[in-house]
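As stored in data-v6.cif (mmCIF, C-alpha atoms):
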data_work
#
loop_
_atom_site.group_PDB
_atom_site.id
_atom_site.type_symbol
_atom_site.label_atom_id
_atom_site.label_comp_id
_atom_site.auth_asym_id
_atom_site.auth_seq_id
_atom_site.Cartn_x
_atom_site.Cartn_y
_atom_site.Cartn_z
ATOM 1 C CA MET A 294 29.775 178.418 14.224
ATOM 2 C CA GLU A 295 30.426 175.124 12.456
ATOM 3 C CA LYS A 296 30.114 172.123 14.727
ATOM 4 C CA LEU A 297 32.930 169.653 15.264
ATOM 5 C CA PRO A 298 32.562 166.370 13.331
ATOM 6 C CA ILE A 299 32.580 164.380 16.575
ATOM 7 C CA VAL A 300 29.850 162.486 18.429
ATOM 8 C CA VAL A 301 29.775 163.070 22.188
ATOM 9 C CA ALA A 302 28.642 159.983 24.120
ATOM 10 C CA ILE A 303 27.681 160.466 27.768
ATOM 11 C CA PRO A 304 27.061 157.188 29.644
ATOM 12 C CA THR A 305 24.806 157.876 32.620
ATOM 13 C CA LYS A 306 22.892 156.431 35.526
ATOM 14 C CA ASN A 307 21.246 158.807 37.994
ATOM 15 C CA GLU A 308 23.160 161.938 36.970
ATOM 16 C CA ALA A 309 20.333 164.462 37.433
ATOM 17 C CA GLU A 310 22.552 166.680 39.575
ATOM 18 C CA ASN A 311 25.140 167.136 36.828
ATOM 19 C CA ILE A 312 23.706 166.238 33.417
ATOM 20 C CA THR A 313 22.239 169.612 32.405
ATOM 21 C CA THR A 314 25.598 171.350 32.813
ATOM 22 C CA THR A 315 27.385 168.590 30.906
ATOM 23 C CA VAL A 316 24.997 168.590 27.929
ATOM 24 C CA ARG A 317 24.902 172.378 27.693
ATOM 25 C CA SER A 318 28.695 172.490 27.630
ATOM 26 C CA VAL A 319 28.831 170.482 24.377
ATOM 27 C CA VAL A 320 25.536 170.749 22.532
ATOM 28 C CA ASP A 321 26.499 173.890 20.584
ATOM 29 C CA HIS A 322 29.988 172.657 19.691
ATOM 30 C CA PHE A 323 29.626 169.033 18.518
ATOM 31 C CA GLU A 324 27.656 167.467 15.716
ATOM 32 C CA SER A 325 25.780 165.047 17.992
ATOM 33 C CA VAL A 326 25.364 164.685 21.755
ATOM 34 C CA VAL A 327 23.958 161.336 22.911
ATOM 35 C CA VAL A 328 23.198 160.366 26.511
ATOM 36 C CA VAL A 329 23.272 156.583 26.936
ATOM 37 C CA ASP A 330 21.277 155.926 30.077
ATOM 38 C CA SER A 331 20.985 152.793 32.222
ATOM 39 C CA ASP A 332 17.495 152.965 33.731
ATOM 40 C CA SER A 333 18.017 156.093 35.804
ATOM 41 C CA THR A 334 15.473 156.455 38.586
ATOM 42 C CA ASP A 335 15.890 160.233 38.775
ATOM 43 C CA ASP A 336 15.271 162.919 36.115
ATOM 44 C CA THR A 337 18.457 162.283 34.124
ATOM 45 C CA ARG A 338 16.704 161.433 30.854
ATOM 46 C CA ALA A 339 14.209 164.299 30.951
ATOM 47 C CA LEU A 340 16.862 166.850 31.862
ATOM 48 C CA ALA A 341 19.226 165.597 29.150
ATOM 49 C CA GLU A 342 16.523 165.875 26.482
ATOM 50 C CA LYS A 343 15.516 169.335 27.689
ATOM 51 C CA ALA A 344 19.154 170.463 27.419
ATOM 52 C CA GLY A 345 19.294 169.260 23.796
ATOM 53 C CA ALA A 346 20.741 165.738 23.916
ATOM 54 C CA GLU A 347 19.472 162.606 22.242
ATOM 55 C CA VAL A 348 18.802 159.890 24.837
ATOM 56 C CA LEU A 349 19.303 156.183 24.193
ATOM 57 C CA PRO A 350 18.407 153.453 26.704
ATOM 58 C CA TYR A 351 21.013 150.850 27.594
ATOM 59 C CA VAL A 352 20.514 147.494 29.305
ATOM 60 C CA TRP A 353 23.545 145.317 29.994
ATOM 61 C CA ASP A 354 23.130 141.605 29.281
ATOM 62 C CA GLY A 355 25.953 140.512 31.584
ATOM 63 C CA ARG A 356 28.418 139.855 28.746
ATOM 64 C CA TYR A 357 30.728 141.788 26.483
ATOM 65 C CA PRO A 358 30.502 144.342 25.028
ATOM 66 C CA LYS A 359 30.084 146.540 28.070
ATOM 67 C CA LYS A 360 28.691 150.050 27.977
ATOM 68 C CA LYS A 361 31.433 152.098 26.320
ATOM 69 C CA GLN A 362 32.196 149.516 23.664
ATOM 70 C CA TRP A 363 28.455 149.344 22.999
ATOM 71 C CA CYS A 364 28.563 153.103 22.446
ATOM 72 C CA LEU A 365 31.416 152.688 19.938
ATOM 73 C CA GLU A 366 29.354 150.149 18.032
ATOM 74 C CA HIS A 367 25.885 151.725 18.185
ATOM 75 C CA VAL A 368 25.928 155.477 18.910
ATOM 76 C CA ARG A 369 25.743 157.409 15.618
ATOM 77 C CA PRO A 370 28.077 154.983 13.782
ATOM 78 C CA GLU A 371 28.065 157.161 10.656
ATOM 79 C CA ARG A 372 30.692 159.361 12.337
ATOM 80 C CA ASP A 373 34.143 157.899 13.018
ATOM 81 C CA TRP A 374 35.112 160.076 15.973
ATOM 82 C CA LEU A 375 33.528 159.744 19.398
ATOM 83 C CA LEU A 376 34.291 161.691 22.577
ATOM 84 C CA PHE A 377 33.377 160.061 25.899
ATOM 85 C CA LEU A 378 32.304 162.319 28.747
ATOM 86 C CA ASP A 379 31.054 161.246 32.148
ATOM 87 C CA GLY A 380 27.790 162.780 33.308
ATOM 88 C CA ASP A 381 29.708 165.234 35.513
ATOM 89 C CA GLU A 382 32.356 166.319 32.997
ATOM 90 C CA THR A 383 32.680 169.303 30.677
ATOM 91 C CA PRO A 384 35.323 170.187 28.071
ATOM 92 C CA SER A 385 37.358 173.253 28.951
ATOM 93 C CA PRO A 386 37.231 176.203 26.502
ATOM 94 C CA GLU A 387 40.891 175.501 25.731
ATOM 95 C CA LEU A 388 40.048 171.906 24.819
ATOM 96 C CA LEU A 389 37.286 173.038 22.465
ATOM 97 C CA ALA A 390 39.743 175.367 20.737
ATOM 98 C CA GLU A 391 42.366 172.613 20.522
ATOM 99 C CA LEU A 392 39.871 170.218 18.947
ATOM 100 C CA ARG A 393 38.906 172.828 16.364
ATOM 101 C CA ARG A 394 42.539 173.195 15.336
ATOM 102 C CA ILE A 395 42.954 169.429 14.991
ATOM 103 C CA PHE A 396 39.695 168.664 13.207
ATOM 104 C CA THR A 397 39.725 171.612 10.832
ATOM 105 C CA VAL A 398 41.369 169.664 8.019
ATOM 106 C CA PRO A 399 41.009 169.877 4.243
ATOM 107 C CA PRO A 400 38.440 167.541 2.638
ATOM 108 C CA GLY A 401 39.851 164.078 2.055
ATOM 109 C CA ARG A 402 42.560 164.456 4.693
ATOM 110 C CA ALA A 403 42.175 162.321 7.827
ATOM 111 C CA VAL A 404 43.272 162.985 11.392
ATOM 112 C CA ARG A 405 46.327 160.780 11.831
ATOM 113 C CA PRO A 406 46.143 159.446 15.444
ATOM 114 C CA ALA A 407 43.589 156.759 16.214
ATOM 115 C CA ALA A 408 42.920 158.127 19.710
ATOM 116 C CA PHE A 409 43.719 161.060 21.969
ATOM 117 C CA ASP A 410 44.545 161.019 25.661
ATOM 118 C CA VAL A 411 42.990 163.989 27.453
ATOM 119 C CA PRO A 412 44.108 165.309 30.855
ATOM 120 C CA LEU A 413 41.471 165.445 33.551
ATOM 121 C CA GLY A 414 40.913 168.560 35.628
ATOM 122 C CA TYR A 415 39.684 167.027 38.883
ATOM 123 C CA TRP A 416 37.590 168.603 41.622
ATOM 124 C CA PHE A 417 37.532 167.171 45.137
ATOM 125 C CA GLY A 418 36.058 168.613 48.310
ATOM 126 C CA GLY A 419 34.740 171.604 46.362
ATOM 127 C CA ARG A 420 38.125 172.633 44.980
ATOM 128 C CA ARG A 421 39.946 171.995 41.727
ATOM 129 C CA LEU A 422 43.158 170.087 42.356
ATOM 130 C CA ARG A 423 46.031 171.865 40.621
ATOM 131 C CA HIS A 424 48.840 169.613 41.795
ATOM 132 C CA GLY A 425 48.022 166.276 43.436
ATOM 133 C CA HIS A 426 45.912 164.726 40.691
ATOM 134 C CA THR A 427 47.460 163.634 37.385
ATOM 135 C CA ILE A 428 45.200 161.420 35.302
ATOM 136 C CA VAL A 429 44.640 161.273 31.572
ATOM 137 C CA LYS A 430 41.683 159.576 29.899
ATOM 138 C CA ARG A 431 41.754 158.037 26.438
ATOM 139 C CA ALA A 432 38.450 159.738 25.827
ATOM 140 C CA LEU A 433 38.538 160.675 22.119
ATOM 141 C CA LEU A 434 38.499 157.678 19.781
ATOM 142 C CA ASP A 435 38.309 156.865 16.105
ATOM 143 C CA ARG A 436 35.905 153.951 16.419
ATOM 144 C CA THR A 437 37.222 152.345 13.221
ATOM 145 C CA ARG A 438 40.671 151.938 14.804
ATOM 146 C CA SER A 439 39.926 151.631 18.533
ATOM 147 C CA ARG A 440 38.224 149.187 20.857
ATOM 148 C CA PHE A 441 37.931 148.391 24.534
ATOM 149 C CA PRO A 442 39.645 145.203 25.722
ATOM 150 C CA GLU A 443 37.630 142.247 26.987
ATOM 151 C CA PRO A 444 39.541 140.836 29.970
ATOM 152 C CA ASP A 445 38.233 137.740 31.728
ATOM 153 C CA ASP A 446 36.672 139.744 34.558
ATOM 154 C CA LEU A 447 32.943 139.176 34.028
ATOM 155 C CA ALA A 448 32.829 137.181 37.269
ATOM 156 C CA ALA A 449 34.380 140.057 39.226
ATOM 157 C CA PRO A 450 32.204 142.197 41.511
ATOM 158 C CA GLY A 451 32.227 145.971 41.539
ATOM 159 C CA MET A 452 32.094 147.153 37.930
ATOM 160 C CA GLY A 453 28.974 145.633 36.410
ATOM 161 C CA GLU A 454 28.168 147.256 33.068
ATOM 162 C CA GLN A 455 31.152 149.600 33.190
ATOM 163 C CA GLU A 456 34.537 148.848 31.684
ATOM 164 C CA GLY A 457 37.167 148.629 34.398
ATOM 165 C CA HIS A 458 40.109 150.911 35.062
ATOM 166 C CA TYR A 459 41.927 150.400 31.794
ATOM 167 C CA GLN A 460 42.315 152.255 28.525
ATOM 168 C CA PRO A 461 40.823 151.444 25.119
ATOM 169 C CA LEU A 462 43.317 149.946 22.683
ATOM 170 C CA VAL A 463 44.169 151.069 19.163
ATOM 171 C CA ASP A 464 44.936 148.923 16.138
ATOM 172 C CA GLU A 465 48.470 147.688 15.601
ATOM 173 C CA GLY A 466 50.531 150.406 13.964
ATOM 174 C CA ALA A 467 48.084 153.172 14.927
ATOM 175 C CA THR A 468 49.227 156.045 17.127
ATOM 176 C CA VAL A 469 47.845 157.770 20.221
ATOM 177 C CA ALA A 470 48.406 161.493 20.792
ATOM 178 C CA ARG A 471 47.998 163.518 23.971
ATOM 179 C CA LEU A 472 46.053 166.756 24.099
ATOM 180 C CA ARG A 473 47.197 169.651 26.251
ATOM 181 C CA SER A 474 43.851 170.992 27.451
ATOM 182 C CA PRO A 475 41.635 169.279 30.024
ATOM 183 C CA ILE A 476 38.220 167.829 30.491
ATOM 184 C CA GLU A 477 36.897 169.263 33.766
ATOM 185 C CA HIS A 478 35.557 166.587 36.132
ATOM 186 C CA ARG A 479 33.384 168.450 38.649
ATOM 187 C CA ASP A 480 31.021 166.173 40.529
ATOM 188 C CA LEU A 481 28.262 168.077 42.341
ATOM 189 C CA ASP A 482 27.055 164.994 44.227
ATOM 190 C CA PRO A 483 27.938 164.720 47.953
ATOM 191 C CA VAL A 484 31.330 163.237 48.724
ATOM 192 C CA ARG A 485 29.749 160.048 50.077
ATOM 193 C CA THR A 486 28.972 159.061 46.480
ATOM 194 C CA TRP A 487 32.726 159.130 45.753
ATOM 195 C CA PHE A 488 33.279 156.668 48.595
ATOM 196 C CA ASP A 489 30.327 154.534 47.466
ATOM 197 C CA ARG A 490 31.800 154.229 43.958
ATOM 198 C CA HIS A 491 35.303 153.519 45.154
ATOM 199 C CA ASN A 492 34.057 150.908 47.580
ATOM 200 C CA ARG A 493 32.647 149.050 44.552
ATOM 201 C CA TYR A 494 35.786 149.670 42.510
ATOM 202 C CA SER A 495 37.929 148.223 45.305
ATOM 203 C CA ASP A 496 35.895 144.997 45.115
ATOM 204 C CA TRP A 497 36.937 144.675 41.468
ATOM 205 C CA GLU A 498 40.572 145.548 42.167
ATOM 206 C CA ALA A 499 40.764 143.046 45.042
ATOM 207 C CA TRP A 500 39.303 140.325 42.817
ATOM 208 C CA LEU A 501 42.058 141.074 40.293
ATOM 209 C CA GLU A 502 44.708 140.623 42.981
ATOM 210 C CA HIS A 503 43.232 137.165 43.502
ATOM 211 C CA HIS A 504 43.314 136.410 39.742
ATOM 212 C CA PRO A 505 46.807 137.381 38.527
ATOM 213 C CA GLU A 506 46.265 136.180 34.954
ATOM 214 C CA VAL A 507 43.374 138.645 34.518
ATOM 215 C CA ARG A 508 45.316 141.314 36.391
ATOM 216 C CA GLU A 509 48.086 140.987 33.801
ATOM 217 C CA GLN A 510 45.582 141.311 30.937
ATOM 218 C CA ILE A 511 44.419 144.603 32.431
ATOM 219 C CA ARG A 512 47.917 145.874 33.200
ATOM 220 C CA ARG A 513 48.710 145.765 29.476
ATOM 221 C CA ALA A 514 45.727 148.043 28.775
ATOM 222 C CA LYS A 515 46.881 150.805 31.115
ATOM 223 C CA THR A 516 48.951 153.921 30.570
ATOM 224 C CA ARG A 517 52.692 153.726 31.248
ATOM 225 C CA GLN A 518 52.143 155.458 34.601
ATOM 226 C CA GLY A 519 49.350 153.021 35.419
ATOM 227 C CA GLN A 520 51.526 150.035 34.515
ATOM 228 C CA LEU A 521 54.308 151.225 36.809
ATOM 229 C CA PHE A 522 51.950 151.800 39.726
ATOM 230 C CA HIS A 523 50.276 148.450 39.028
ATOM 231 C CA ARG A 524 53.474 146.701 40.171
ATOM 232 C CA ALA A 525 54.457 149.065 42.978
ATOM 233 C CA PRO A 526 54.688 147.712 46.543
ATOM 234 C CA PHE A 527 53.096 149.393 49.595
ATOM 235 C CA LYS A 528 50.448 151.020 47.432
ATOM 236 C CA PRO A 529 48.620 152.988 50.172
ATOM 237 C CA LEU A 530 51.861 154.710 51.218
ATOM 238 C CA MET A 531 53.054 155.092 47.626
ATOM 239 C CA SER A 532 49.727 156.613 46.631
ATOM 240 C CA PHE A 533 49.779 159.167 49.424
ATOM 241 C CA GLY A 534 53.438 160.046 48.923
ATOM 242 C CA TYR A 535 53.018 160.458 45.178
ATOM 243 C CA ALA A 536 49.906 162.649 45.359
ATOM 244 C CA TYR A 537 50.725 164.734 48.428
ATOM 245 C CA VAL A 538 54.520 165.028 48.342
ATOM 246 C CA PHE A 539 55.920 164.236 44.879
ATOM 247 C CA ARG A 540 53.072 165.956 43.008
ATOM 248 C CA ARG A 541 52.917 168.668 45.700
ATOM 249 C CA GLY A 542 49.300 168.047 46.589
ATOM 250 C CA PHE A 543 49.933 170.028 49.792
ATOM 251 C CA LEU A 544 49.696 173.152 47.622
ATOM 252 C CA ASP A 545 46.007 172.337 47.066
ATOM 253 C CA GLY A 546 45.332 172.987 50.743
ATOM 254 C CA ARG A 547 42.850 170.902 52.687
ATOM 255 C CA ALA A 548 41.347 169.457 49.483
ATOM 256 C CA GLY A 549 44.777 168.138 48.478
ATOM 257 C CA LEU A 550 45.223 166.408 51.825
ATOM 258 C CA ASP A 551 41.692 164.999 51.755
ATOM 259 C CA TYR A 552 42.182 163.627 48.240
ATOM 260 C CA ALA A 553 45.569 162.043 49.023
ATOM 261 C CA LEU A 554 44.112 160.407 52.133
ATOM 262 C CA ALA A 555 41.020 159.208 50.232
ATOM 263 C CA MET A 556 43.114 157.580 47.508
ATOM 264 C CA SER A 557 45.414 156.012 50.089
ATOM 265 C CA PHE A 558 42.350 154.621 51.887
ATOM 266 C CA TYR A 559 41.084 153.261 48.560
ATOM 267 C CA ARG A 560 44.379 151.411 48.019
ATOM 268 C CA TRP A 561 44.257 150.128 51.607
ATOM 269 C CA GLN A 562 40.714 148.808 50.975
ATOM 270 C CA ILE A 563 41.939 146.875 47.943
ATOM 271 C CA GLY A 564 44.749 145.257 49.894
ATOM 272 C CA LEU A 565 42.526 144.370 52.846
ATOM 273 C CA LYS A 566 39.839 142.845 50.622
ATOM 274 C CA ALA A 567 42.447 140.895 48.656
ATOM 275 C CA ARG A 568 43.845 139.418 51.880
ATOM 276 C CA GLU A 569 40.339 138.474 52.959
ATOM 277 C CA LEU A 570 39.818 136.613 49.678
ATOM 278 C CA ARG A 571 43.071 134.693 50.155
ATOM 279 C CA GLN A 572 42.135 133.749 53.725
ATOM 280 C CA ALA A 573 38.740 132.524 52.572
ATOM 281 C CA GLU A 574 40.367 130.389 49.881
ATOM 282 C CA ARG A 575 42.836 128.856 52.352
ATOM 283 C CA ALA A 576 39.999 128.080 54.748
ATOM 284 C CA ALA A 577 38.034 126.399 51.952
ATOM 285 C CA ASP A 578 41.047 124.270 50.985
ATOM 286 C CA ALA A 579 41.881 123.238 54.558
ATOM 287 C CA PRO A 580 40.937 119.672 55.594
ATOM 288 C CA PRO A 581 37.799 119.475 57.733
ATOM 289 C CA PHE A 582 38.392 119.706 61.456
ATOM 290 C CA SER A 583 37.745 116.542 63.430
ATOM 291 C CA ALA A 584 37.731 116.467 67.186
ATOM 292 C CA PRO A 585 40.168 114.048 68.877
ATOM 293 C CA ARG A 586 38.665 110.840 70.173
#
In structure tokens, how does this file's structure come out?
Amino acid sequence: MEKLPIVVAIPTKNEAENITTTVRSVVDHFESVVVVDSDSTDDTRALAEKAGAEVLPYVWDGRYPKKKQWCLEHVRPERDWLLFLDGDETPSPELLAELRRIFTVPPGRAVRPAAFDVPLGYWFGGRRLRHGHTIVKRALLDRTRSRFPEPDDLAAPGMGEQEGHYQPLVDEGATVARLRSPIEHRDLDPVRTWFDRHNRYSDWEAWLEHHPEVREQIRRAKTRQGQLFHRAPFKPLMSFGYAYVFRRGFLDGRAGLDYALAMSFYRWQIGLKARELRQAERAADAPPFSAPR
């Protein structure tokens, strides 16, 4: 079977629990599979190599480019197309078939879009969510026509070497298409790691609330759905209502309720941390207290 002319880049750090499954899901289908690892302290690198991936080390210098843009610039640059997968993600069989239809083109004929948005099949609490989770990732990029934005958020906590919650951008005049078939996001780590990650992410989001000019830079690099939610009031309630009621997350059983509550809690964390930042700023600006004589 001829391999797809696409490089798969898998940014990792301590993904030993998931990485073998991820690499095996792509190594026979794509021209190159490269794990870009940030000093994992577990067996991620050894397991990735054993499964057939090339492993590249990555050390962030505290500036731009961050990790995914670095991949666009340095990971097998001889190929234009790059597919990003997290260390716990696998392409569905339907997605593999869809990519073969798109990339089986006559010699000399290029794929027209500069990027593809891919729906995410999300697992939470041991169950795949069929209703309450609707996220797409701009995961398949023509590196000659795409790039990640560089908002002024290097001073923000929470994200570190990772790009924040925004989409890569395409060149002016270029188009973005949406695929029908999903990437499956099935994290085998315990659920506490989800809360650990989102606790860090909420630090970044709260910092953005405190820096509206940067928040606006990031809003412009989100999907239309993300832009609308970015401005919505009462986000914890809106998040729960959207996932559990409007998207019928209740049909996913207990996992649907748990996920809607977890996302609502995440939004509540952001708001609480943002208020704490504002209170700290007001206290710093207040005149010093002097006792009456």
Subject >> Selection under test: the PyMOL selection byres ((chain A and resi 350-354) around 8); residues as number ranges by chain >> reply: A: 329-332, 348-349, 355-356, 359-360, 454
**OP:** Take the point (19.9, 172.3, 28.3) in the file's coordinates, draw a sphere of radius 12 Å around it, and report as a list of chain:residue names every protein, DNA or RNA residue with an atom inside or on it, counting only C-alpha atoms.
**Re:**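 I get A:Asn311, A:Ile312, A:Thr313, A:Thr314, A:Thr315, A:Val316, A:Arg317, A:Ser318, A:Val319, A:Val320, A:Asp321, A:Val326, A:Thr337, A:Arg338, A:Ala339, A:Leu340, A:Ala341, A:Glu342, A:Lys343, A:Ala344, A:Gly345, A:Ala346, A:Glu347 for the residues within 12 Å of that point.
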Using the chain letters and numbering of this document, enumerate as a PDB file with C-alpha atoms, in the frame of the given file the residues selected by the PyMOL selection byres ((chain A and resi 416-433) around 6).
ATOM      1  CA  LEU A 375      33.528 159.744  19.398  1.00  0.00           C
ATOM      2  CA  LEU A 376      34.291 161.691  22.577  1.00  0.00           C
ATOM      3  CA  PHE A 377      33.377 160.061  25.899  1.00  0.00           C
ATOM      4  CA  ALA A 408      42.920 158.127  19.710  1.00  0.00           C
ATOM      5  CA  PHE A 409      43.719 161.060  21.969  1.00  0.00           C
ATOM      6  CA  ASP A 410      44.545 161.019  25.661  1.00  0.00           C
ATOM      7  CA  VAL A 411      42.990 163.989  27.453  1.00  0.00           C
ATOM      8  CA  PRO A 412      44.108 165.309  30.855  1.00  0.00           C
ATOM      9  CA  LEU A 413      41.471 165.445  33.551  1.00  0.00           C
ATOM     10  CA  TYR A 415      39.684 167.027  38.883  1.00  0.00           C
ATOM     11  CA  LEU A 434      38.499 157.678  19.781  1.00  0.00           C
ATOM     12  CA  ARG A 479      33.384 168.450  38.649  1.00  0.00           C
ATOM     13  CA  ALA A 536      49.906 162.649  45.359  1.00  0.00           C
ATOM     14  CA  TYR A 537      50.725 164.734  48.428  1.00  0.00           C
ATOM     15  CA  ARG A 540      53.072 165.956  43.008  1.00  0.00           C
ATOM     16  CA  ARG A 541      52.917 168.668  45.700  1.00  0.00           C
ATOM     17  CA  GLY A 542      49.300 168.047  46.589  1.00  0.00           C
ATOM     18  CA  ASP A 545      46.007 172.337  47.066  1.00  0.00           C
ATOM     19  CA  ALA A 548      41.347 169.457  49.483  1.00  0.00           C
TER      20      ALA A 548
END
Original post:
In Å, with one decimal, what is the gap from atom CA of Ala467 of chain A to atom CA of Thr305 of chain A?
Top reply: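 Computed distance, atom CA of Ala467 of chain A to atom CA of Thr305 of chain A, equals 29.6 Å.
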Original post:
Which one is closest to Leu297 of chain A: A:Ala555, A:Ala390, A:Ala470, A:Leu365? Count all atoms listed in the file.
Top reply: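 The shortest atom-to-atom distance to Leu297 of chain A comes from A:Ala390.
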**OP:** Show which residues sit within 12 Å of Ala407 of chain A, as a VMD selection string. Count all atoms listed in the file, and ignore same-chain residues fewer than 4 positions away.
**Re:** chain A and resid 373 to 375 403 431 to 440 461 to 471
**OP:** Report the distance between atom CA of Ile476 of chain A and atom CA of Asn307 of chain A in Å, rounded to one decimal place.
**Re:** 20.6 Å
Subject >> Nearest to Tyr459 of chain A by atom-to-atom distance, counting all atoms listed in the file, from A:Ser532, A:Glu382, A:Thr397, A:Lys361 >> reply: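 Closest to Tyr459 of chain A, using all atoms listed in the file: A:Lys361.
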Subject >> Between atom CA of Arg490 of chain A and atom CA of Ser333 of chain A, distance in Å (one decimal) >> reply: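 Distance between the two atoms: 16.1 Å.
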Original post:
Using all atoms listed in the file, which of A:Val328, A:Ala567, A:Ala499, A:Met452 sits nearest Ile303 of chain A?
Top reply: A:Val328
**OP:** Name the residues captured by the PyMOL selection byres ((chain A and resi 563) around 12) when it is applied to the shown file; answer as an MDAnalysis selection string.
**Re:** chainID A and resid 451 491:503 527:529 556:562 564:570
Return the padded bounding box of segment 458-472 of chain A as AutoDock Vina command-line options: axis-aligned, built from all atoms listed in the file, 5 Å added on each side, with centre and edge lengths in Å to one decimal.
--center_x 45.3 --center_y 157.2 --center_z 24.5 --size_x 20.4 --size_y 29.1 --size_z 31.1
Subject >> Among the residues A:Arg393, A:His367, A:Lys306, A:Arg405, the one that comes closest to Asp379 of chain A [using only C-alpha atoms] >> reply: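 Distance minimum relative to Asp379 of chain A lands on A:Lys306.
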Subject >> Pick from A:Glu477, A:Asp551, A:Glu387, A:Asp445 nearest to Gln510 of chain A, counting all atoms listed in the file >> reply: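 Of A:Glu477, A:Asp551, A:Glu387, A:Asp445, the one nearest Gln510 of chain A, counting all atoms listed in the file, is A:Asp445.
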Subject >> Using all atoms listed in the file: which of A:Ala309, A:Ala576, A:Leu472, A:Ala448 has the shortest distance to Glu391 of chain A >> reply: A:Leu472
